[in-house]
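What's in entry-v6.cif: mmCIF, C-alpha atoms; chains and numbers go by the auth columns
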```cif
data_run
#
loop_
_atom_site.group_PDB
_atom_site.id
_atom_site.type_symbol
_atom_site.label_atom_id
_atom_site.label_comp_id
_atom_site.label_asym_id
_atom_site.label_seq_id
_atom_site.Cartn_x
_atom_site.Cartn_y
_atom_site.Cartn_z
_atom_site.B_iso_or_equiv
_atom_site.auth_seq_id
_atom_site.auth_asym_id
ATOM 1 C CA MET A 1 -36.541 -5.507 102.312 0.00 1 A
ATOM 2 C CA TYR A 2 -37.520 -5.313 105.973 0.00 2 A
ATOM 3 C CA ARG A 3 -40.873 -6.441 107.398 0.00 3 A
ATOM 4 C CA ARG A 4 -42.766 -3.653 109.112 0.00 4 A
ATOM 5 C CA ASN A 5 -43.883 -5.627 112.163 0.00 5 A
ATOM 6 C CA ASP A 6 -40.467 -6.922 113.316 0.00 6 A
ATOM 7 C CA GLN A 7 -37.880 -5.335 110.961 0.00 7 A
ATOM 8 C CA LYS A 8 -36.725 -8.817 109.922 0.00 8 A
ATOM 9 C CA LEU A 9 -34.910 -8.902 106.595 0.00 9 A
ATOM 10 C CA VAL A 10 -36.970 -10.818 104.002 0.00 10 A
ATOM 11 C CA VAL A 11 -36.868 -11.480 100.276 0.00 11 A
ATOM 12 C CA MET A 12 -39.810 -10.885 97.958 0.00 12 A
ATOM 13 C CA LYS A 13 -40.063 -13.247 95.001 0.00 13 A
ATOM 14 C CA GLU A 14 -41.837 -11.229 92.322 0.00 14 A
ATOM 15 C CA ILE A 15 -43.850 -12.925 89.570 0.00 15 A
ATOM 16 C CA ASP A 16 -45.490 -10.855 86.833 0.00 16 A
ATOM 17 C CA ILE A 17 -48.886 -12.545 86.483 0.00 17 A
ATOM 18 C CA HIS A 18 -50.102 -10.571 83.452 0.00 18 A
ATOM 19 C CA GLY A 19 -48.279 -12.666 80.875 0.00 19 A
ATOM 20 C CA LEU A 20 -48.627 -16.033 82.596 0.00 20 A
ATOM 21 C CA SER A 21 -50.489 -18.914 81.037 0.00 21 A
ATOM 22 C CA VAL A 22 -53.047 -20.762 83.153 0.00 22 A
ATOM 23 C CA SER A 23 -50.545 -23.552 83.875 0.00 23 A
ATOM 24 C CA GLU A 24 -47.822 -21.054 84.873 0.00 24 A
ATOM 25 C CA ARG A 25 -50.264 -19.250 87.161 0.00 25 A
ATOM 26 C CA ASN A 26 -51.213 -22.590 88.728 0.00 26 A
ATOM 27 C CA LEU A 27 -47.526 -23.353 89.388 0.00 27 A
ATOM 28 C CA SER A 28 -47.186 -20.029 91.226 0.00 28 A
ATOM 29 C CA ILE A 29 -50.265 -20.740 93.330 0.00 29 A
ATOM 30 C CA ASN A 30 -48.987 -24.273 93.977 0.00 30 A
ATOM 31 C CA GLU A 31 -45.653 -22.888 95.227 0.00 31 A
ATOM 32 C CA ILE A 32 -47.466 -20.667 97.735 0.00 32 A
ATOM 33 C CA LYS A 33 -49.700 -23.536 98.845 0.00 33 A
ATOM 34 C CA VAL A 34 -46.731 -25.828 99.437 0.00 34 A
ATOM 35 C CA LEU A 35 -44.548 -23.217 101.138 0.00 35 A
ATOM 36 C CA SER A 36 -47.381 -22.268 103.491 0.00 36 A
ATOM 37 C CA ILE A 37 -47.625 -25.817 104.907 0.00 37 A
ATOM 38 C CA LEU A 38 -43.887 -26.402 105.365 0.00 38 A
ATOM 39 C CA ASP A 39 -42.124 -25.646 108.629 0.00 39 A
ATOM 40 C CA HIS A 40 -38.605 -27.043 108.860 0.00 40 A
ATOM 41 C CA PRO A 41 -35.246 -25.523 109.868 0.00 41 A
ATOM 42 C CA HIS A 42 -33.692 -26.525 106.527 0.00 42 A
ATOM 43 C CA ILE A 43 -36.451 -25.232 104.244 0.00 43 A
ATOM 44 C CA VAL A 44 -36.682 -21.538 103.338 0.00 44 A
ATOM 45 C CA SER A 45 -39.510 -20.101 105.469 0.00 45 A
ATOM 46 C CA PHE A 46 -42.609 -18.653 103.850 0.00 46 A
ATOM 47 C CA PHE A 47 -44.187 -15.606 105.509 0.00 47 A
ATOM 48 C CA ASN A 48 -46.914 -14.268 103.239 0.00 48 A
ATOM 49 C CA SER A 49 -48.046 -13.654 99.679 0.00 49 A
ATOM 50 C CA TYR A 50 -49.653 -10.622 98.058 0.00 50 A
ATOM 51 C CA GLU A 51 -51.014 -9.537 94.714 0.00 51 A
ATOM 52 C CA TRP A 52 -50.052 -5.969 93.845 0.00 52 A
ATOM 53 C CA GLU A 53 -50.093 -4.072 90.561 0.00 53 A
ATOM 54 C CA GLY A 54 -50.282 -7.218 88.430 0.00 54 A
ATOM 55 C CA LYS A 55 -47.527 -8.973 90.334 0.00 55 A
ATOM 56 C CA LEU A 56 -47.598 -11.877 92.730 0.00 56 A
ATOM 57 C CA LEU A 57 -45.218 -11.238 95.631 0.00 57 A
ATOM 58 C CA ILE A 58 -44.055 -14.124 97.812 0.00 58 A
ATOM 59 C CA GLU A 59 -42.468 -13.014 101.085 0.00 59 A
ATOM 60 C CA MET A 60 -39.832 -15.473 102.302 0.00 60 A
ATOM 61 C CA GLU A 61 -36.867 -15.835 104.599 0.00 61 A
ATOM 62 C CA TYR A 62 -33.749 -14.088 103.317 0.00 62 A
ATOM 63 C CA CYS A 63 -30.706 -16.350 103.141 0.00 63 A
ATOM 64 C CA GLU A 64 -27.896 -13.824 103.036 0.00 64 A
ATOM 65 C CA GLY A 65 -25.202 -16.406 102.301 0.00 65 A
ATOM 66 C CA GLY A 66 -26.377 -17.002 98.729 0.00 66 A
ATOM 67 C CA ASN A 67 -26.803 -20.456 97.251 0.00 67 A
ATOM 68 C CA LEU A 68 -24.804 -23.661 97.412 0.00 68 A
ATOM 69 C CA ALA A 69 -23.705 -23.413 93.762 0.00 69 A
ATOM 70 C CA ASP A 70 -22.025 -20.039 94.335 0.00 70 A
ATOM 71 C CA PHE A 71 -20.601 -21.146 97.692 0.00 71 A
ATOM 72 C CA LEU A 72 -18.924 -24.185 96.106 0.00 72 A
ATOM 73 C CA ALA A 73 -17.653 -22.171 93.121 0.00 73 A
ATOM 74 C CA GLN A 74 -15.924 -19.665 95.413 0.00 74 A
ATOM 75 C CA LEU A 75 -14.035 -22.217 97.518 0.00 75 A
ATOM 76 C CA ASP A 76 -10.248 -21.924 97.506 0.00 76 A
ATOM 77 C CA GLN A 77 -9.805 -25.487 98.747 0.00 77 A
ATOM 78 C CA PRO A 78 -12.016 -28.574 98.944 0.00 78 A
ATOM 79 C CA LEU A 79 -14.440 -28.904 101.823 0.00 79 A
ATOM 80 C CA LYS A 80 -13.493 -31.229 104.654 0.00 80 A
ATOM 81 C CA GLU A 81 -15.441 -34.476 104.962 0.00 81 A
ATOM 82 C CA PHE A 82 -17.175 -33.218 108.113 0.00 82 A
ATOM 83 C CA GLU A 83 -18.329 -30.058 106.288 0.00 83 A
ATOM 84 C CA ILE A 84 -19.682 -32.097 103.380 0.00 84 A
ATOM 85 C CA LEU A 85 -21.552 -34.424 105.731 0.00 85 A
ATOM 86 C CA THR A 86 -23.006 -31.459 107.644 0.00 86 A
ATOM 87 C CA ILE A 87 -24.351 -29.880 104.452 0.00 87 A
ATOM 88 C CA PHE A 88 -25.602 -33.249 103.187 0.00 88 A
ATOM 89 C CA GLU A 89 -27.408 -33.987 106.465 0.00 89 A
ATOM 90 C CA GLN A 90 -29.214 -30.643 106.352 0.00 90 A
ATOM 91 C CA ILE A 91 -30.382 -31.193 102.766 0.00 91 A
ATOM 92 C CA VAL A 92 -31.442 -34.805 103.412 0.00 92 A
ATOM 93 C CA SER A 93 -33.318 -33.697 106.531 0.00 93 A
ATOM 94 C CA ALA A 94 -35.347 -31.201 104.462 0.00 94 A
ATOM 95 C CA ILE A 95 -35.998 -33.691 101.646 0.00 95 A
ATOM 96 C CA THR A 96 -37.086 -36.379 104.112 0.00 96 A
ATOM 97 C CA TYR A 97 -39.467 -33.860 105.681 0.00 97 A
ATOM 98 C CA ILE A 98 -41.119 -32.968 102.362 0.00 98 A
ATOM 99 C CA HIS A 99 -41.252 -36.603 101.207 0.00 99 A
ATOM 100 C CA ASP A 100 -42.973 -37.541 104.484 0.00 100 A
ATOM 101 C CA ARG A 101 -45.664 -35.058 103.420 0.00 101 A
ATOM 102 C CA ASN A 102 -45.944 -36.596 99.915 0.00 102 A
ATOM 103 C CA ILE A 103 -44.265 -33.611 98.236 0.00 103 A
ATOM 104 C CA LEU A 104 -41.717 -33.912 95.426 0.00 104 A
ATOM 105 C CA HIS A 105 -39.403 -30.930 94.892 0.00 105 A
ATOM 106 C CA ARG A 106 -38.607 -31.841 91.238 0.00 106 A
ATOM 107 C CA ASP A 107 -35.845 -29.240 90.770 0.00 107 A
ATOM 108 C CA LEU A 108 -33.317 -30.050 93.469 0.00 108 A
ATOM 109 C CA LYS A 109 -29.920 -28.602 92.524 0.00 109 A
ATOM 110 C CA THR A 110 -27.183 -26.566 94.169 0.00 110 A
ATOM 111 C CA ALA A 111 -28.702 -23.284 92.893 0.00 111 A
ATOM 112 C CA ASN A 112 -31.894 -24.080 94.863 0.00 112 A
ATOM 113 C CA ILE A 113 -30.094 -24.749 98.154 0.00 113 A
ATOM 114 C CA PHE A 114 -29.672 -21.478 100.046 0.00 114 A
ATOM 115 C CA MET A 115 -27.315 -20.574 102.886 0.00 115 A
ATOM 116 C CA THR A 116 -27.694 -18.273 105.879 0.00 116 A
ATOM 117 C CA LYS A 117 -24.826 -16.174 107.209 0.00 117 A
ATOM 118 C CA ASP A 118 -24.280 -18.926 109.827 0.00 118 A
ATOM 119 C CA LYS A 119 -23.824 -21.551 107.063 0.00 119 A
ATOM 120 C CA ILE A 120 -27.190 -23.190 107.660 0.00 120 A
ATOM 121 C CA PHE A 121 -28.373 -24.693 104.368 0.00 121 A
ATOM 122 C CA LYS A 122 -32.035 -24.544 103.314 0.00 122 A
ATOM 123 C CA VAL A 123 -33.944 -26.016 100.390 0.00 123 A
ATOM 124 C CA GLY A 124 -35.888 -23.423 98.421 0.00 124 A
ATOM 125 C CA ASP A 125 -37.631 -22.739 95.110 0.00 125 A
ATOM 126 C CA PHE A 126 -40.669 -24.991 95.201 0.00 126 A
ATOM 127 C CA GLY A 127 -41.971 -23.544 91.919 0.00 127 A
ATOM 128 C CA ILE A 128 -42.416 -26.880 90.158 0.00 128 A
ATOM 129 C CA CYS A 129 -42.976 -29.157 93.142 0.00 129 A
ATOM 130 C CA LYS A 130 -45.767 -31.714 93.164 0.00 130 A
ATOM 131 C CA ILE A 131 -48.022 -32.854 95.981 0.00 131 A
ATOM 132 C CA LEU A 132 -48.847 -36.531 95.563 0.00 132 A
ATOM 133 C CA SER A 133 -52.270 -37.794 96.598 0.00 133 A
ATOM 134 C CA THR A 134 -50.815 -41.080 97.940 0.00 134 A
ATOM 135 C CA GLN A 135 -47.316 -42.313 98.706 0.00 135 A
ATOM 136 C CA LYS A 136 -47.525 -45.042 96.042 0.00 136 A
ATOM 137 C CA LEU A 137 -48.513 -42.636 93.270 0.00 137 A
ATOM 138 C CA GLY A 138 -45.579 -41.217 91.348 0.00 138 A
ATOM 139 C CA ALA A 139 -45.250 -38.081 89.304 0.00 139 A
ATOM 140 C CA SER A 140 -45.842 -38.803 85.634 0.00 140 A
ATOM 141 C CA THR A 141 -44.401 -35.660 84.082 0.00 141 A
ATOM 142 C CA VAL A 142 -40.729 -34.917 83.542 0.00 142 A
ATOM 143 C CA VAL A 143 -39.784 -31.443 84.765 0.00 143 A
ATOM 144 C CA GLY A 144 -36.734 -29.739 86.207 0.00 144 A
ATOM 145 C CA THR A 145 -33.290 -28.698 85.105 0.00 145 A
ATOM 146 C CA PRO A 146 -32.062 -31.099 82.369 0.00 146 A
ATOM 147 C CA HIS A 147 -28.561 -31.565 83.836 0.00 147 A
ATOM 148 C CA TYR A 148 -30.084 -32.710 87.132 0.00 148 A
ATOM 149 C CA ILE A 149 -32.701 -35.161 85.825 0.00 149 A
ATOM 150 C CA SER A 150 -32.047 -38.752 86.882 0.00 150 A
ATOM 151 C CA PRO A 151 -31.089 -41.344 84.252 0.00 151 A
ATOM 152 C CA GLU A 152 -34.350 -43.251 84.944 0.00 152 A
ATOM 153 C CA MET A 153 -36.394 -40.207 83.948 0.00 153 A
ATOM 154 C CA VAL A 154 -34.363 -39.623 80.784 0.00 154 A
ATOM 155 C CA SER A 155 -34.893 -43.193 79.583 0.00 155 A
#
```
Render the structure in this file as structure tokens.
Amino acid sequence: MYRRNDQKLVVMKEIDIHGLSVSERNLSINEIKVLSILDHPHIVSFFNSYEWEGKLLIEMEYCEGGNLADFLAQLDQPLKEFEILTIFEQIVSAITYIHDRNILHRDLKTANIFMTKDKIFKVGDFGICKILSTQKLGASTVVGTPHYISPEMVS
């Protein structure tokens, strides 16, 4: 989809709000709140949000290269060390940025790392993130994709 004002290609995340519970609706609102305060070259950019015909639409940067999971699955040969370090640095840069703002992503996995056509990697999908009130306060709930939960959280 193209934005009217500048014809920039964007993606619209569509959430049907009719069937959402109160907690699910709050997660959607939380995602918008968090995305709207983030501005980093390795985080998917947020542009706007709308409610239309019972749907919540979140307008974001389109990363035409897909996600890191698909990129890695399609490789014919292993990445070179320099390529791995470049990707890693971009992801760590984004995570450091959000942690400096007391935000936990809580679902960091290769399917939530997106890639532009120029192979710039960006963290996305802040649907279950948490804003902490202080740096010493931790998150007390266990959420995320089970295969990616740390051993400490499992125990």
Mind checking which residues fall within 12 Å of A:Ala69, counting only C-alpha atoms, ignoring those fewer than 2 positions away in the same chain, and posting them as a VMD selection string? chain A and resid 65 to 67 71 to 75 108 to 115 121
Just to be explicit: take each residue in the selection above, keep C-alpha atoms, and write the result as an mmCIF file, in the coordinates of the input.
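out_29.cif, freshly written:
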```cif
data_model
loop_
_atom_site.group_PDB
_atom_site.id
_atom_site.type_symbol
_atom_site.label_atom_id
_atom_site.label_comp_id
_atom_site.auth_asym_id
_atom_site.auth_seq_id
_atom_site.Cartn_x
_atom_site.Cartn_y
_atom_site.Cartn_z
ATOM 1 C CA GLY A 65 -25.202 -16.406 102.301
ATOM 2 C CA GLY A 66 -26.377 -17.002 98.729
ATOM 3 C CA ASN A 67 -26.803 -20.456 97.251
ATOM 4 C CA PHE A 71 -20.601 -21.146 97.692
ATOM 5 C CA LEU A 72 -18.924 -24.185 96.106
ATOM 6 C CA ALA A 73 -17.653 -22.171 93.121
ATOM 7 C CA GLN A 74 -15.924 -19.665 95.413
ATOM 8 C CA LEU A 75 -14.035 -22.217 97.518
ATOM 9 C CA LEU A 108 -33.317 -30.050 93.469
ATOM 10 C CA LYS A 109 -29.920 -28.602 92.524
ATOM 11 C CA THR A 110 -27.183 -26.566 94.169
ATOM 12 C CA ALA A 111 -28.702 -23.284 92.893
ATOM 13 C CA ASN A 112 -31.894 -24.080 94.863
ATOM 14 C CA ILE A 113 -30.094 -24.749 98.154
ATOM 15 C CA PHE A 114 -29.672 -21.478 100.046
ATOM 16 C CA MET A 115 -27.315 -20.574 102.886
ATOM 17 C CA PHE A 121 -28.373 -24.693 104.368
#
```
For stretch 56-74 of chain A, I'd like the enclosing box, axis-aligned and padded by 3 Å on every side, reported as AutoDock Vina command-line options with centre and edge lengths in Å to one decimal.
```
--center_x -31.8 --center_y -17.7 --center_z 98.7 --size_x 37.7 --size_y 18.9 --size_z 17.9
```
Selection in question (the file shown): the PyMOL selection byres ((chain A and resi 17) around 8). Which residues does it include, as a short mmCIF file (atom, residue, chain, number, x, y, z; two decimals) with C-alpha atoms, in the frame of the given file?
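Final output, saved to part_9.cif:
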```cif
data_model
loop_
_atom_site.label_atom_id
_atom_site.label_comp_id
_atom_site.auth_asym_id
_atom_site.auth_seq_id
_atom_site.Cartn_x
_atom_site.Cartn_y
_atom_site.Cartn_z
CA ILE A 15 -43.85 -12.92 89.57
CA ASP A 16 -45.49 -10.86 86.83
CA HIS A 18 -50.10 -10.57 83.45
CA GLY A 19 -48.28 -12.67 80.88
CA LEU A 20 -48.63 -16.03 82.60
CA ARG A 25 -50.26 -19.25 87.16
CA GLY A 54 -50.28 -7.22 88.43
CA LYS A 55 -47.53 -8.97 90.33
CA LEU A 56 -47.60 -11.88 92.73
#
```
- request: Using all atoms listed in the file, pick whichever of A:Leu104, A:Cys129, A:Ile98, A:Val10 has the shortest atom-to-atom distance to A:Leu38.
  value: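 With all atoms listed in the file as the atom set, the closest residue is A:Ile98.
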TODO: Just the residues within 9 Å of A:Lys8, please, counting only C-alpha atoms, with nothing from its chain fewer than 4 positions along; format it as a ChimeraX atom specification.
DONE: /A:1-4,61-62
Would you mind telling me which residue in A:Ile91, A:Val22, A:Leu85, A:Val11 lies nearest to A:Cys63 when using all atoms listed in the file?
->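 Looking at the shortest contact to A:Cys63, the residue is A:Val11.
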Extract, using all atoms listed in the file, all DNA, RNA and protein residues at most 12 Å from A:Thr86, discarding same-chain residues fewer than 6 positions from it, and format them as a PyMOL selection string. chain A and resi 42+79-80+92-93+119-121
Atomic distance atom CA of A:Glu24 - atom CA of A:Glu51, expressed in Å with one decimal:
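Between atom CA of A:Glu24 and atom CA of A:Glu51 the gap is 15.5 Å.
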Exercise for the section: One decimal, Å: what's the distance from atom CA of A:Leu27 over to atom CA of A:Ile87, could you say? Expected result: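 Atom-to-atom, atom CA of A:Leu27 to atom CA of A:Ile87, that is 28.4 Å.
Going from atom CA of A:Ile43 over to atom CA of A:Asp70, you cover 18.3 Å.
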**Request:** Expand the PyMOL selection byres ((chain A and resi 45) around 9) into the individual residues it matches in the shown file, reporting them as an MDAnalysis selection string.
**Result:** chainID A and resid 35:36 38:44 46:47 59:62 122 124
Counting only C-alpha atoms, the residue of A:Asp100, A:Glu81, A:Asp107, A:Glu53 that sits nearest A:Val123:
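Of A:Asp100, A:Glu81, A:Asp107, A:Glu53, the one nearest A:Val123 is A:Asp107, counting only C-alpha atoms.
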